[in-house]
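In what follows, a single structure is set out as C-alpha cells and then discussed.
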Amino acid sequence: METTKGRISLSHVLILIFILSGFSFVQAKMLFAYNGHGAQTTEPQTTGPQSEGAGIVSKFKYKPIEFTPPKPERLVLDNGMILYLLEDHDLPVFNITTHVRTGAIYEPGEKAGLANLVGNVMRRGGTKTRTPEQMNEELEFIAASVETQIERESGSASLSTMKKDIDKGLEIFADVLMNPAFPEDMIRKEKDEILEDIRRENDNPGQIVFREFRKLLYKKEHPYSRRTIGYKDTIENITRDDMIAFHKKYFHPNNVIMGISGDFDAWEIVEKIKTVFAEWEKAEIDFPEVPVVEKKFQRSVNYIYKDVNQAHVVFGHIGIHRLSKDYFPINIMNFILGGGGFTSRIPSKVRSDEGLAYSAYSAFHTPRDLGFFFAACQTKSESTVKAINLALNEVRRIRDELIDDDELELAKDTYINQFIFKFTSSSSIVGQMVEIEYEGLPLDYLETYVDNIKVITKEDIERVAKEYLHPDKIKLLVIGDMKQFDKPLTEFGEVNTIELE
Amino acid sequence: MKTFRIRFLLVAIILLFCTTAYGQKLELDVREHTLDNGIKLLMLAKHDVPIVSLRIVYKVGSVNEHPGITGASHLFEHMMFKGTEIFGIKDYDSEKPLLEREDELISKISVEEAKGNDADKEKIKQLEGDLKEVWEKQKELIVRDEMWSIYLKNGATGLNASTGSDATYYYCNLPANRLELWAFMESDRMKNLVLREFYSERDVVMEERRLRTENSPFGLLIEQLNAATFTAHPYGWPVIGWMSDIANMKKAEVAKYFQQYYSPINAVIVVVGDINPDEVIKLIERYFGDVQSQPPPPDVTTVEPEQRGERRIYVEYDANPVLSIAYHKPAVGHPDQYVFDVIEAILSHGRTSRLYKSLIEEKRMAVMAHAYGEPSKYADSFIFFCTPRHPHTAEDVEEAIYEELERLKTTPVTNRELQKVKNQLEADFIRSLESASGLASKIASYEAIYGWRYINTLVERTTVVTPEEVMRVANKYFTKTNRTVAILVNKKKGKEPTDGNNKG
C-alpha cells in the first residue's frame with residue numbers, strides 16, 4: 001500500500017481522527033436512539049384475531065432484539081465532496097455508490113436524451129488515457145466494475161472491487177468521472193442502440209403505459225412529460241460538444257455525494273480519494289431553471305389500441321414531491337389502499353376476491369417536484385371496465401370511510417418491524433445515507449423514521465386521503481382492444497384515442 | 001466496536017480455511033439435519049444482522065406434470081397463500097360443507113358440459129348460480145390473505161414464492177426473533193392446507209399467463225422455443241401451463257398432486273442468518289416432526305431422444321424480430337456442465353465477453369446478445385437470445401453467433417480468458433456471502449436439483465477447465481443437428497413497424 005501519498009496531508013488525517021472520535025459520540029447517541037424503538041421490533045397487538053391461527057400466534061412472545069446499526073461517518077472534503085464512510089471487515093470487498101446532482105430535467109427539450117447519452121457514453125467510451133477496450137479488460141480481469149448512469153433527476157456512479165484491487169479500482173473510477181473521452185464512434189453506437197430500443201418500445205404494452213401516462217399528466221414543455229432516452233429527432237440533434245459541455249457542467253466534486261463501504265481503513269481511504277480526485281476542481285454550477293409542475297386536476301379518459309387480449313390500465317393524477325410534510329401518512333395510507341401487496345385493498349379486491357388480475361396495485365411516485373399518484377392493473381379484455389371500477393371504488397372508499405384500527409396497525413407494524421432490513425449490508429447502509437442527503441431529507445431521517453410512523457392516526461389517514469386522492473379527477477389510460485371490453489370506456493367520460501408513436 | 005468483532009468471528013465460520021487468492025477456501029459450511037419423516041434442514045449461521053432468511057423448497061415442478069395438468073405445480077404454489085384449517089378462515093367447520101358443495105357442483109357442471117351439444121344449458125346455468133351462492137357464503141367466512149398479513153405485521157420482507165421446472169420455492173425473511181412464528185405457520189401449511197378460492201385463483205393465473213406469455217414477445221418466443229426443443233421430455237411445456245390446461249384444471253387433480261409431491265421426503269427447509277443451529281433443530285423438530293412420512297414420489301423417467309436434425313420455427317407476433325437458439329446439453333452432475341459454465345461466461349458475461357464484443361461493439365448488428373447454460377436437474381438446453389438492430393435481421397445475428405461458436409470449436413480460448421472467469425467466479429462467491437437472503441436462495445436452488453454441496457464444487461471444478469475441454473464440448477454439442485432455432489417475426493409482414501420518431 002502506498003502510504004507515502006498520505007504524507008503531504010497529515011493535517012487531514014488529524015481532522016478525520018477528530019471526526020471519528022466525534023463519530024463515537026454520535027454512535028452512542030444512536031445506540032440510545034435505536035434501542036428506544038429503532039431496530040427493535042414491536043410486539044404486534046392484534047386487536048381481535050379473526051381466525052384460530054391468528055389467535056394462537058398473537059400470543060407468541062419474542063425475545064427482544066437489540067441491534068445498533070452501524071452509522072456511517074459523514075465527511076466533507078475541501079473540494080466540497082461529501083463522503084459517507086463505513087468500514088466493514090467481514091469480507092474483502094469494497095464498494096462505492098455516488099450521486100451527482102444532474103439529470104434529464106436539465107437538458108433542453110430539443111436535445112432530449114442528452115443526459116442519458118452522457119451517462120452511458122461516459123463509461124462506455126473510455127477516458128482520455130484509457131481506450132474502452134483497455135478499461136473493460138482491466139476491470140473485468142479483476143472482477144471489478146465501474147458504472148455510470150444519468151436518470152431523470154440524478155446521476156450515479158458506482159465502483160465495486162475486491163479489497164486487493166482498491167487502488168486500481170479507484171484510479172479507473174476517478175478517471176471515468178473526471179476524464180471521459182466521449183469518442184464519436186461510441187456516441188454513434190450508443191445512439192443507434194437507443195434508436196433500436198425506441199423502435200421496440202411499442203412491442204410490449206407494459207412499456208407503453210407509463211410513457212404515455214406521463215404525457216397526460218404533465219404539460220408538453222415540462223421535462224417530467226418527456227422520455228429520458230429521447231426521441232429519434234432529438235437524439236440526432238445531440239452533438240459530441242453538447243455531451244462534453246453537459247459533463248463539464250455537472251461533474252464537479254462539490255456536486256457529488258459518495259458512499260464508501262467495505263474492507264478498508266477510513267483514514268487511508270480518505271487519503272486515497274483525495275489523491276485520485278486531486279485534479280478535480282470545484283466549480284459554481286448554474287442549474288437551469290426547471291418549470292414548476294402545475295397542480296391541476298382534470299379528468300380525462302384515454303385509449304390506445306393494441307392487438308392484445310389483456311388490457312393494461314392505469315389511472316391517477318398529480319401527487320406530491322418527496323419532501324412533502326405528509327410523506328409518511330401518505331405512505332401508510334397507500335399501503336392500506338394498494339401498496340402493501342395482497343393485504344391492501346385494491347389487490348385484495350381485484351386480485352384475491354375477483355380473480356381479475358395478476359398484478360393490481362397503487363403507488364405515489366415522489367420526485368423533487370410534484371409526482372403522481374396512480375393505480376394500475378392488467379386484466380383480460382372482457383373485464384376491463386369492471387376492474388377499473390373496483391379499483392376506483394377503493395380510492396373513493398378510503399376517502400369516504402374511516403379505516404379500521406387493525407388495518408392501520410398492520411400497516412404501521414409492517415413498516416416498523418421491517419425497519420431492520422434497511423441495515424442488512426454496509427453498502428446498503430451508506431447507499432441510503434447518500435440517497436437521503438441527495439433527496440434533501442433531514443440527515444436524522446432514519447433516527448426519526450420509526451417515530452414518524454408511530455404517530456400516524458386514523459384521522460391522519462382520512463385527512464391525507466381526502467387531500468391527496470381525487471377519484472373524480474383522474475386521468476385514465478387503457479391500452480388494449482376496445483372491441484373486446486365488457487363495457488365501453490365512455491362509461492368514464494368522453495374517450496380520447498391516442499395513436500401510438 | 002463490538003458489533004464488528006462479532007461479525008468478524010462469525011463470518012469465519014462461513015468461510016472455511018484454505019488456499020486461494022483470498023487465503024480462504026471458497027466453500028459454504030452448511031449444517032445439515034434430517035428429520036425422521038424425511039424433511040431436510042439446512043442451516044448457515046451469519047450473525048451480522050439479527051435477521052433470518054427462510055426458504056422451503058419442495059422438489060416438485062412442471063417436470064413432474066403430464067399433459068392435461070400442465071401448470072398444476074404453479075397453480076398450487078398460488079394456493080399455498082390461501083390458508084389452512086386455522087388460518088384465513090373464521091370457522092373451518094362452517095366452511096367445510098361449502099367446500100364439499102363446491103366440489104359437488106363443479107363435478108355436476110363438468111358432467112353436463114362433457115355432453116357437448118347435448119348439454120342442458122339451463123341446467124348448467126342453474127348449477128352455476130348455485131355455485132356462485134356457495135362462494136358468496138364462503139366469502140363471509142374468509143379472512144383474506146391472512147397468513148400474508150401476519151408475516152408482514154411481523155416485519156417479513158421478500159415474501160414470495162416461485163415455481164420452476166424442477167422445484168417450487170417459498171421465500172420469507174424475518175427479524176431473527178420471529179423464527180418460531182414462521183415454523184408454526186409453515187408447518188401448519190404443510191399439514192392442514194385448505195384449497196380455498198381455487199377457482200378465482202385459477203383466473204388470476206390465467207391473467208398471469210396473459211401478462212407474461214401471451215402479450216409478451218419474449219415470453220411467447222421462449223415458450224415456443226422450449227416446445228420445439230423438447231419433443232418428449234416435460235421441459236417442453238411451460239411452467240405456467242398451457243392455457244387450456246389451466247382453464248380446465250380441477251381442484252381434485254391439484255389436491256392429488258399436492259398429496260403426492262408436497263411430502264416431507266420432498267421438502268427442504270433452509271435457514272440462514274442470526275441463528276443457533278442447535279436451537280433451530282429443536283424448533284423444527286417440534287413443529288415439523290409430526291408431519292406424516294410418505295413414500296417418495298415417482299421419478300421422471302422420460303428421456304429426451306437424441307435430436308435428429310436442426311429444427312427451425314417462426315413465431316408470428318406484432319413485434320420486432322428476436323432470435324433464440326437452443327442446444328441440448330446434459331443434466332447437472334455431468335462433468336461437461338462445468339465447461340458450459342465457462343463457455344457461458346466467456347461468451348456472455350460482461351463487456352469483454354465474446355458475444356458483446358463481436359455482435360454489439362464490432363459488427364454493431366444487435367442490441368442484446370446473451371447465452372445461458374445454467375444447470376438443471378435433467379438434461380436441458382444451452383440457450384442464446386439476441387435482438388438484432390434494424391436493418392439487421394434475425395438471420396444475420398444467427399450467422400454471427402455461429403461464427404463465434406465456430407471460433408470456440410477451432411481455436412483454443414486464451415489462458416487470460418480462463419483466468420478472468422476464475423477471478424470473477426471467486427469474487428462473485430465472496431460477494432454472495434454478504435446477503436443472507438441470497439445465500440438462502442442459492443442453497444435452496446442447488447439442493448433442489450442436486451444437493452447443496454454442489455456449490456462447494458463450483459469454484460474448484462470450474463477453474464480447472466482447460467482450453468481443450470472447451471473445444472471438445474463446443475464440438476460435441478454446438479452442432480447443427482443438435483439445435484433448435486426459434487425466431488420471432490413481425491406478423492405485419494411487408495409493412496415496416498412505425499418508427500418511434502415523433503415526439504408526442
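Chain labels A, B, ... are given in the sequence in which chains occur in the C-alpha cells; within each chain residues are numbered consecutively from 1, and ligands are likewise numbered from 1 in the order shown.
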
> Do you know which residues are at most 10 Å from stretch 271-275 of chain B counting only C-alpha atoms, after dropping those on the same chain fewer than 4 positions away, and could you put them as an MDAnalysis selection string?
Replying inline: chainID B and resid 10 30:31 41:56 173:177 179 279:280 435:441 443:444

>> Using DSSP secondary structure from the backbone, list all alpha helix (DSSP H) positions within stretch 430-487 of chain B, as number ranges by chain.
In response: B: 430-432, 436-449, 454-463, 467-477

Keeping only C-alpha atoms, write those residues as a PDB file, in the first residue's frame.
```pdb
ATOM      1  CA  ILE B 430     -17.223 -13.753  -1.828  1.00  0.00           C
ATOM      2  CA  ARG B 431     -19.748 -11.062  -2.713  1.00  0.00           C
ATOM      3  CA  SER B 432     -22.556 -13.585  -2.375  1.00  0.00           C
ATOM      4  CA  ALA B 436     -28.386 -13.912   3.949  1.00  0.00           C
ATOM      5  CA  SER B 437     -31.270 -13.856   1.547  1.00  0.00           C
ATOM      6  CA  GLY B 438     -29.051 -14.530  -1.461  1.00  0.00           C
ATOM      7  CA  LEU B 439     -27.285 -17.383   0.333  1.00  0.00           C
ATOM      8  CA  ALA B 440     -30.557 -18.967   1.372  1.00  0.00           C
ATOM      9  CA  SER B 441     -31.825 -18.885  -2.202  1.00  0.00           C
ATOM     10  CA  LYS B 442     -28.589 -20.295  -3.539  1.00  0.00           C
ATOM     11  CA  ILE B 443     -28.546 -23.182  -1.071  1.00  0.00           C
ATOM     12  CA  ALA B 444     -32.204 -23.870  -1.792  1.00  0.00           C
ATOM     13  CA  SER B 445     -31.839 -23.921  -5.552  1.00  0.00           C
ATOM     14  CA  TYR B 446     -28.803 -26.215  -5.644  1.00  0.00           C
ATOM     15  CA  GLU B 447     -30.320 -28.535  -3.059  1.00  0.00           C
ATOM     16  CA  ALA B 448     -33.399 -28.801  -5.257  1.00  0.00           C
ATOM     17  CA  ILE B 449     -31.550 -30.003  -8.326  1.00  0.00           C
ATOM     18  CA  TYR B 454     -22.596 -28.681  -5.489  1.00  0.00           C
ATOM     19  CA  ILE B 455     -21.993 -25.033  -4.549  1.00  0.00           C
ATOM     20  CA  ASN B 456     -18.707 -26.035  -2.964  1.00  0.00           C
ATOM     21  CA  THR B 457     -17.506 -27.683  -6.158  1.00  0.00           C
ATOM     22  CA  LEU B 458     -18.177 -24.676  -8.366  1.00  0.00           C
ATOM     23  CA  VAL B 459     -15.004 -22.673  -7.908  1.00  0.00           C
ATOM     24  CA  GLU B 460     -12.707 -25.661  -7.773  1.00  0.00           C
ATOM     25  CA  ARG B 461     -14.171 -27.567 -10.692  1.00  0.00           C
ATOM     26  CA  THR B 462     -14.783 -24.613 -12.951  1.00  0.00           C
ATOM     27  CA  THR B 463     -11.347 -23.131 -12.527  1.00  0.00           C
ATOM     28  CA  PRO B 467      -8.935 -24.739 -23.371  1.00  0.00           C
ATOM     29  CA  GLU B 468      -9.024 -28.256 -24.836  1.00  0.00           C
ATOM     30  CA  GLU B 469     -12.117 -29.139 -22.868  1.00  0.00           C
ATOM     31  CA  VAL B 470     -13.881 -26.036 -24.096  1.00  0.00           C
ATOM     32  CA  MET B 471     -13.082 -27.060 -27.679  1.00  0.00           C
ATOM     33  CA  ARG B 472     -14.227 -30.611 -27.085  1.00  0.00           C
ATOM     34  CA  VAL B 473     -17.534 -29.571 -25.536  1.00  0.00           C
ATOM     35  CA  ALA B 474     -18.187 -26.943 -28.217  1.00  0.00           C
ATOM     36  CA  ASN B 475     -17.597 -29.517 -30.932  1.00  0.00           C
ATOM     37  CA  LYS B 476     -19.744 -32.106 -29.248  1.00  0.00           C
ATOM     38  CA  TYR B 477     -22.848 -30.030 -28.501  1.00  0.00           C
TER      39      TYR B 477
END
```

> So which one's closest to chain A, B:Glu100, B:Asp166, B:Glu186, B:Glu374? Using only C-alpha atoms, please.
Replying inline: B:Glu186

> Mind pulling up the distance from atom CA of B:Tyr257 to atom CA of B:Ala232?
Replying inline: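 Separation between atom CA of B:Ala232 and atom CA of B:Tyr257: 21.0 Å.
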
Taking only residues of chain B that have an atom at most 7 Å from an atom of chain A, what is each one's shortest atom pair and its distance in Å to one decimal, using only C-alpha atoms, in chain and number order, as CSV?
```
residue,atom,partner,partner_atom,distance
B:Arg7,CA,A:Asp90,CA,6.3
B:Phe8,CA,A:Asp90,CA,5.1
B:Val11,CA,A:Asp90,CA,6.4
B:Val49,CA,A:Thr424,CA,6.2
B:Ile86,CA,A:Gly53,CA,4.8
B:Phe87,CA,A:Gly53,CA,5.0
B:Gly88,CA,A:Ser51,CA,6.5
B:Ile89,CA,A:Ser51,CA,5.7
B:Lys90,CA,A:Ser51,CA,4.7
B:Val143,CA,A:Gln50,CA,7.0
B:Asp145,CA,A:Thr343,CA,6.1
B:Ser149,CA,A:Thr343,CA,5.9
B:Leu152,CA,A:Thr414,CA,5.2
B:Lys153,CA,A:Thr414,CA,4.5
B:Asn154,CA,A:Asn417,CA,5.9
B:Gly155,CA,A:Asn417,CA,4.1
B:Ala156,CA,A:Gln418,CA,6.4
B:Thr157,CA,A:Gln418,CA,6.8
B:Asn177,CA,A:Tyr62,CA,5.8
B:Arg178,CA,A:Tyr62,CA,6.7
B:Leu181,CA,A:Val57,CA,6.7
B:Ser200,CA,A:Gly355,CA,4.7
B:Glu201,CA,A:Gly355,CA,5.8
B:Asp203,CA,A:Gly355,CA,5.2
B:Val204,CA,A:Gly355,CA,4.8
B:Val205,CA,A:Tyr358,CA,6.7
B:Glu207,CA,A:Tyr358,CA,5.5
B:Glu208,CA,A:Tyr358,CA,5.1
B:Arg210,CA,A:Gln310,CA,6.5
B:Asn215,CA,A:Val308,CA,6.1
B:Ser216,CA,A:Asn204,CA,6.0
B:Asp318,CA,A:Asp203,CA,6.8
B:Ala319,CA,A:Asp203,CA,4.7
B:Asn320,CA,A:Arg200,CA,6.2
B:Arg351,CA,A:Asn136,CA,6.3
B:Thr352,CA,A:Asn136,CA,6.2
B:Val367,CA,A:Glu193,CA,5.8
B:Arg389,CA,A:Glu196,CA,6.0
B:His390,CA,A:Glu196,CA,6.8
B:Lys420,CA,A:Phe141,CA,4.8
B:Asn423,CA,A:Ala143,CA,6.1
B:Gln424,CA,A:Ala143,CA,4.7
B:Ala427,CA,A:Ala143,CA,6.3
B:Glu434,CA,A:Ser425,CA,6.7
B:Asp499,CA,A:Arg199,CA,5.6
B:Gly500,CA,A:Glu501,CA,5.3
B:Asn501,CA,A:Lys232,CA,4.5
B:Asn502,CA,A:Glu501,CA,6.0
B:Lys503,CA,A:Tyr231,CA,6.2
B:Gly504,CA,A:Glu501,CA,6.8
```

Could those selected residues go to a file with N, CA and C atoms, as a compact mmCIF listing (two decimals), in the first residue's frame?
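Full text of part.txt as output:
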```txt
# COMPACT_ATOMS: atom_id res chain seq x y z
N ARG B 7 -19.15 -9.79 14.11
CA ARG B 7 -19.30 -10.09 12.69
C ARG B 7 -18.12 -10.86 12.16
N PHE B 8 -16.94 -10.38 12.54
CA PHE B 8 -15.74 -10.98 12.00
C PHE B 8 -15.63 -12.45 12.38
N VAL B 11 -18.31 -14.69 10.50
CA VAL B 11 -18.14 -14.94 9.08
C VAL B 11 -17.04 -15.98 8.87
N VAL B 49 -26.39 -9.32 11.28
CA VAL B 49 -27.64 -8.58 11.48
C VAL B 49 -28.66 -9.56 12.05
N ILE B 86 -56.85 -23.41 10.12
CA ILE B 86 -56.91 -22.41 11.20
C ILE B 86 -56.49 -21.00 10.77
N PHE B 87 -55.94 -20.88 9.58
CA PHE B 87 -55.58 -19.56 9.08
C PHE B 87 -56.41 -19.22 7.85
N GLY B 88 -56.80 -17.96 7.75
CA GLY B 88 -57.50 -17.50 6.57
C GLY B 88 -59.00 -17.78 6.61
N ILE B 89 -59.47 -18.29 7.73
CA ILE B 89 -60.90 -18.63 7.83
C ILE B 89 -61.38 -18.36 9.26
N LYS B 90 -62.58 -17.83 9.36
CA LYS B 90 -63.11 -17.56 10.69
C LYS B 90 -63.49 -18.86 11.38
N VAL B 143 -60.93 -14.93 5.83
CA VAL B 143 -60.11 -13.79 6.24
C VAL B 143 -59.03 -13.68 5.16
N ASP B 145 -56.14 -13.38 2.65
CA ASP B 145 -54.67 -13.28 2.68
C ASP B 145 -54.13 -13.08 4.10
N SER B 149 -50.65 -11.30 5.73
CA SER B 149 -50.73 -10.15 6.65
C SER B 149 -49.96 -10.39 7.94
N LEU B 152 -46.31 -9.93 7.27
CA LEU B 152 -45.94 -8.52 7.11
C LEU B 152 -45.91 -7.81 8.45
N LYS B 153 -46.94 -8.03 9.22
CA LYS B 153 -47.07 -7.39 10.52
C LYS B 153 -45.85 -7.67 11.40
N ASN B 154 -45.28 -8.84 11.19
CA ASN B 154 -44.09 -9.21 11.96
C ASN B 154 -42.79 -8.83 11.26
N GLY B 155 -42.91 -8.02 10.24
CA GLY B 155 -41.70 -7.47 9.61
C GLY B 155 -41.12 -8.27 8.48
N ALA B 156 -41.89 -9.21 7.93
CA ALA B 156 -41.34 -10.02 6.84
C ALA B 156 -41.04 -9.17 5.61
N THR B 157 -39.94 -9.51 4.95
CA THR B 157 -39.65 -8.91 3.65
C THR B 157 -39.39 -10.06 2.67
N ASN B 177 -35.93 -12.96 15.76
CA ASN B 177 -36.72 -13.46 16.89
C ASN B 177 -38.08 -14.02 16.47
N ARG B 178 -38.40 -13.93 15.18
CA ARG B 178 -39.70 -14.40 14.68
C ARG B 178 -39.64 -15.81 14.09
N LEU B 181 -42.60 -18.15 14.82
CA LEU B 181 -43.83 -17.80 14.10
C LEU B 181 -43.83 -18.49 12.74
N SER B 200 -61.13 -18.85 -8.28
CA SER B 200 -60.79 -17.45 -8.57
C SER B 200 -59.28 -17.31 -8.72
N GLU B 201 -58.52 -18.15 -8.00
CA GLU B 201 -57.07 -18.10 -8.15
C GLU B 201 -56.66 -18.64 -9.52
N ASP B 203 -58.28 -18.11 -12.15
CA ASP B 203 -58.43 -16.94 -13.02
C ASP B 203 -57.23 -16.01 -12.92
N VAL B 204 -56.72 -15.83 -11.70
CA VAL B 204 -55.54 -14.98 -11.52
C VAL B 204 -54.37 -15.54 -12.33
N VAL B 205 -54.21 -16.86 -12.28
CA VAL B 205 -53.10 -17.48 -13.01
C VAL B 205 -53.28 -17.30 -14.52
N GLU B 207 -54.62 -14.73 -15.85
CA GLU B 207 -54.17 -13.35 -16.09
C GLU B 207 -52.64 -13.28 -16.10
N GLU B 208 -52.04 -14.04 -15.22
CA GLU B 208 -50.57 -14.07 -15.17
C GLU B 208 -50.02 -14.58 -16.50
N ARG B 210 -51.52 -14.42 -19.43
CA ARG B 210 -51.72 -13.39 -20.46
C ARG B 210 -50.64 -12.33 -20.37
N ASN B 215 -49.01 -11.84 -24.13
CA ASN B 215 -48.83 -10.47 -24.60
C ASN B 215 -47.40 -9.98 -24.41
N SER B 216 -46.48 -10.92 -24.35
CA SER B 216 -45.08 -10.57 -24.20
C SER B 216 -44.29 -11.27 -25.30
N ASP B 318 -46.96 -9.30 -33.31
CA ASP B 318 -46.85 -7.89 -33.65
C ASP B 318 -45.71 -7.25 -32.87
N ALA B 319 -44.48 -7.57 -33.26
CA ALA B 319 -43.31 -7.03 -32.56
C ALA B 319 -42.08 -7.19 -33.44
N ASN B 320 -41.02 -6.51 -33.07
CA ASN B 320 -39.78 -6.59 -33.84
C ASN B 320 -39.08 -7.94 -33.61
N ARG B 351 -18.68 -6.77 -20.53
CA ARG B 351 -18.36 -6.02 -21.75
C ARG B 351 -17.20 -6.62 -22.52
N THR B 352 -16.44 -7.53 -21.88
CA THR B 352 -15.34 -8.15 -22.62
C THR B 352 -15.75 -9.52 -23.16
N VAL B 367 -28.58 -5.32 -30.31
CA VAL B 367 -28.59 -4.51 -29.09
C VAL B 367 -28.52 -5.38 -27.85
N ARG B 389 -30.36 -5.34 -34.44
CA ARG B 389 -30.59 -3.91 -34.59
C ARG B 389 -30.96 -3.66 -36.05
N HIS B 390 -32.09 -3.03 -36.25
CA HIS B 390 -32.58 -2.73 -37.59
C HIS B 390 -31.51 -1.97 -38.38
N LYS B 420 -9.69 -14.94 -16.18
CA LYS B 420 -10.71 -13.92 -15.89
C LYS B 420 -11.98 -14.59 -15.33
N ASN B 423 -11.24 -15.55 -11.81
CA ASN B 423 -11.25 -14.40 -10.90
C ASN B 423 -12.67 -13.95 -10.58
N GLN B 424 -13.50 -13.94 -11.61
CA GLN B 424 -14.87 -13.47 -11.41
C GLN B 424 -15.67 -14.45 -10.55
N ALA B 427 -14.60 -13.93 -6.93
CA ALA B 427 -15.10 -12.67 -6.40
C ALA B 427 -16.61 -12.73 -6.19
N GLU B 434 -22.41 -11.74 1.42
CA GLU B 434 -22.92 -10.57 2.12
C GLU B 434 -24.41 -10.69 2.44
N ASP B 499 -41.78 3.90 -36.97
CA ASP B 499 -40.65 4.33 -36.16
C ASP B 499 -41.11 5.21 -35.01
N GLY B 500 -40.39 5.12 -33.93
CA GLY B 500 -40.75 5.95 -32.77
C GLY B 500 -40.11 7.32 -32.91
N ASN B 501 -40.44 8.02 -33.98
CA ASN B 501 -39.70 9.26 -34.22
C ASN B 501 -40.46 10.53 -33.87
N ASN B 502 -41.71 10.36 -33.53
CA ASN B 502 -42.46 11.59 -33.26
C ASN B 502 -42.49 11.87 -31.77
N LYS B 503 -42.19 13.06 -31.47
CA LYS B 503 -42.27 13.46 -30.08
C LYS B 503 -43.74 13.74 -29.78
N GLY B 504 -44.32 12.91 -28.96
CA GLY B 504 -45.77 13.09 -28.76
C GLY B 504 -46.09 14.15 -27.76
```

> Closest to A:Phe297 among A:Leu86, A:Val100, A:Pro471, A:Asn116, using only C-alpha atoms?
Replying inline: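 Ranked by minimum distance to A:Phe297, first place goes to A:Pro471.
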
> Which neighbours of A:Val495 fall inside 10 Å, counting only C-alpha atoms, when residues of the same chain fewer than 5 positions from it are skipped, and could you give them as a VMD selection string?
Replying inline: chain A and resid 300 to 303 476 to 477 488 to 490

>> I'd like the contact shell of B:Ile313 - 8 Å cut-off, only C-alpha atoms, skipping same-chain residues fewer than 2 positions apart - returned as a PyMOL selection string.
In response: chain B and resi 225+228+311+315+484-487

> Suppose you want the space between atom CA of B:Lys137 and atom CA of B:Ser107; what is it in Å?
Replying inline: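 Result for atom CA of B:Lys137 versus atom CA of B:Ser107: 19.4 Å, one decimal.
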
> So, counting only C-alpha atoms, which residue among B:Val300, B:Ala400, B:Ile343, B:Leu425 is closest to B:Val413?
Replying inline: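 Ranking B:Val300, B:Ala400, B:Ile343, B:Leu425 by distance to B:Val413, first place goes to B:Ile343.
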
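Shell of B:Ser263 at 12 Å, with only C-alpha atoms counted and residues fewer than 3 places along the chain excluded, is B:Asn37, B:Gly38, B:Ile39, B:Lys40, B:Val57, B:Tyr58, B:Lys59, B:Val60, B:Ser187, B:Arg189, B:Met190, B:Lys191, B:Lys256, B:Tyr257, B:Phe258, B:Gln259, B:Gln260, B:Asn266, B:Ala267, B:Val268, B:Phe288, B:Val291, B:Gln292, B:Ser293, B:Gln294, B:Pro295, B:Pro296, B:Pro297.
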
>> If we count only C-alpha atoms and set the cut-off at 9 Å, which residues sit around stretch 324-336 of chain B, ignoring sequence neighbours fewer than 4 positions away in its own chain? Please answer as a PyMOL selection string.
In response: chain B and resi 221-222+225-226+229-230+306-307+340-341+373-387+394+398+449-450+454+461+469+473+477-480+482-488

Based on the selection just made, write C-alpha atoms of those residues as a CSV table (one decimal), in the first residue's frame.
```csv
chain,number,residue,atom,x,y,z
B,221,LEU,CA,-40.8,-16.9,-28.0
B,222,ILE,CA,-39.3,-18.8,-25.0
B,225,LEU,CA,-38.5,-22.5,-28.3
B,226,ASN,CA,-38.9,-25.0,-25.5
B,229,THR,CA,-36.6,-28.2,-28.4
B,230,PHE,CA,-38.2,-31.0,-26.3
B,306,GLU,CA,-31.3,-37.6,-29.4
B,307,GLN,CA,-32.1,-34.8,-31.8
B,340,PHE,CA,-20.7,-25.0,-20.1
B,341,ASP,CA,-20.4,-22.6,-17.1
B,373,GLY,CA,-26.2,-22.5,-19.6
B,374,GLU,CA,-27.2,-22.9,-16.0
B,375,PRO,CA,-27.6,-26.5,-14.6
B,376,SER,CA,-30.9,-28.2,-14.4
B,377,LYS,CA,-31.9,-31.5,-12.7
B,378,TYR,CA,-32.5,-33.2,-16.0
B,379,ALA,CA,-30.8,-32.8,-19.4
B,380,ASP,CA,-31.8,-29.4,-20.7
B,381,SER,CA,-30.5,-26.8,-23.2
B,382,PHE,CA,-27.9,-24.2,-23.6
B,383,ILE,CA,-29.7,-21.1,-24.9
B,384,PHE,CA,-28.9,-18.0,-26.9
B,385,PHE,CA,-31.1,-14.9,-27.1
B,386,CYS,CA,-30.4,-12.0,-29.4
B,387,THR,CA,-32.2,-8.9,-30.5
B,394,ALA,CA,-32.5,-12.3,-37.0
B,398,GLU,CA,-27.8,-16.0,-36.1
B,449,ILE,CA,-31.5,-30.0,-8.3
B,450,TYR,CA,-28.6,-31.9,-6.9
B,454,TYR,CA,-22.6,-28.7,-5.5
B,461,ARG,CA,-14.2,-27.6,-10.7
B,469,GLU,CA,-12.1,-29.1,-22.9
B,473,VAL,CA,-17.5,-29.6,-25.5
B,477,TYR,CA,-22.8,-30.0,-28.5
B,478,PHE,CA,-22.9,-26.9,-30.7
B,479,THR,CA,-23.8,-28.8,-33.9
B,480,LYS,CA,-26.5,-28.1,-36.4
B,482,ASN,CA,-28.5,-30.7,-32.1
B,483,ARG,CA,-30.0,-27.2,-32.4
B,484,THR,CA,-33.4,-25.7,-32.4
B,485,VAL,CA,-33.9,-22.1,-33.7
B,486,ALA,CA,-36.9,-20.0,-33.0
B,487,ILE,CA,-37.4,-16.6,-34.5
B,488,LEU,CA,-40.0,-14.0,-33.6
```
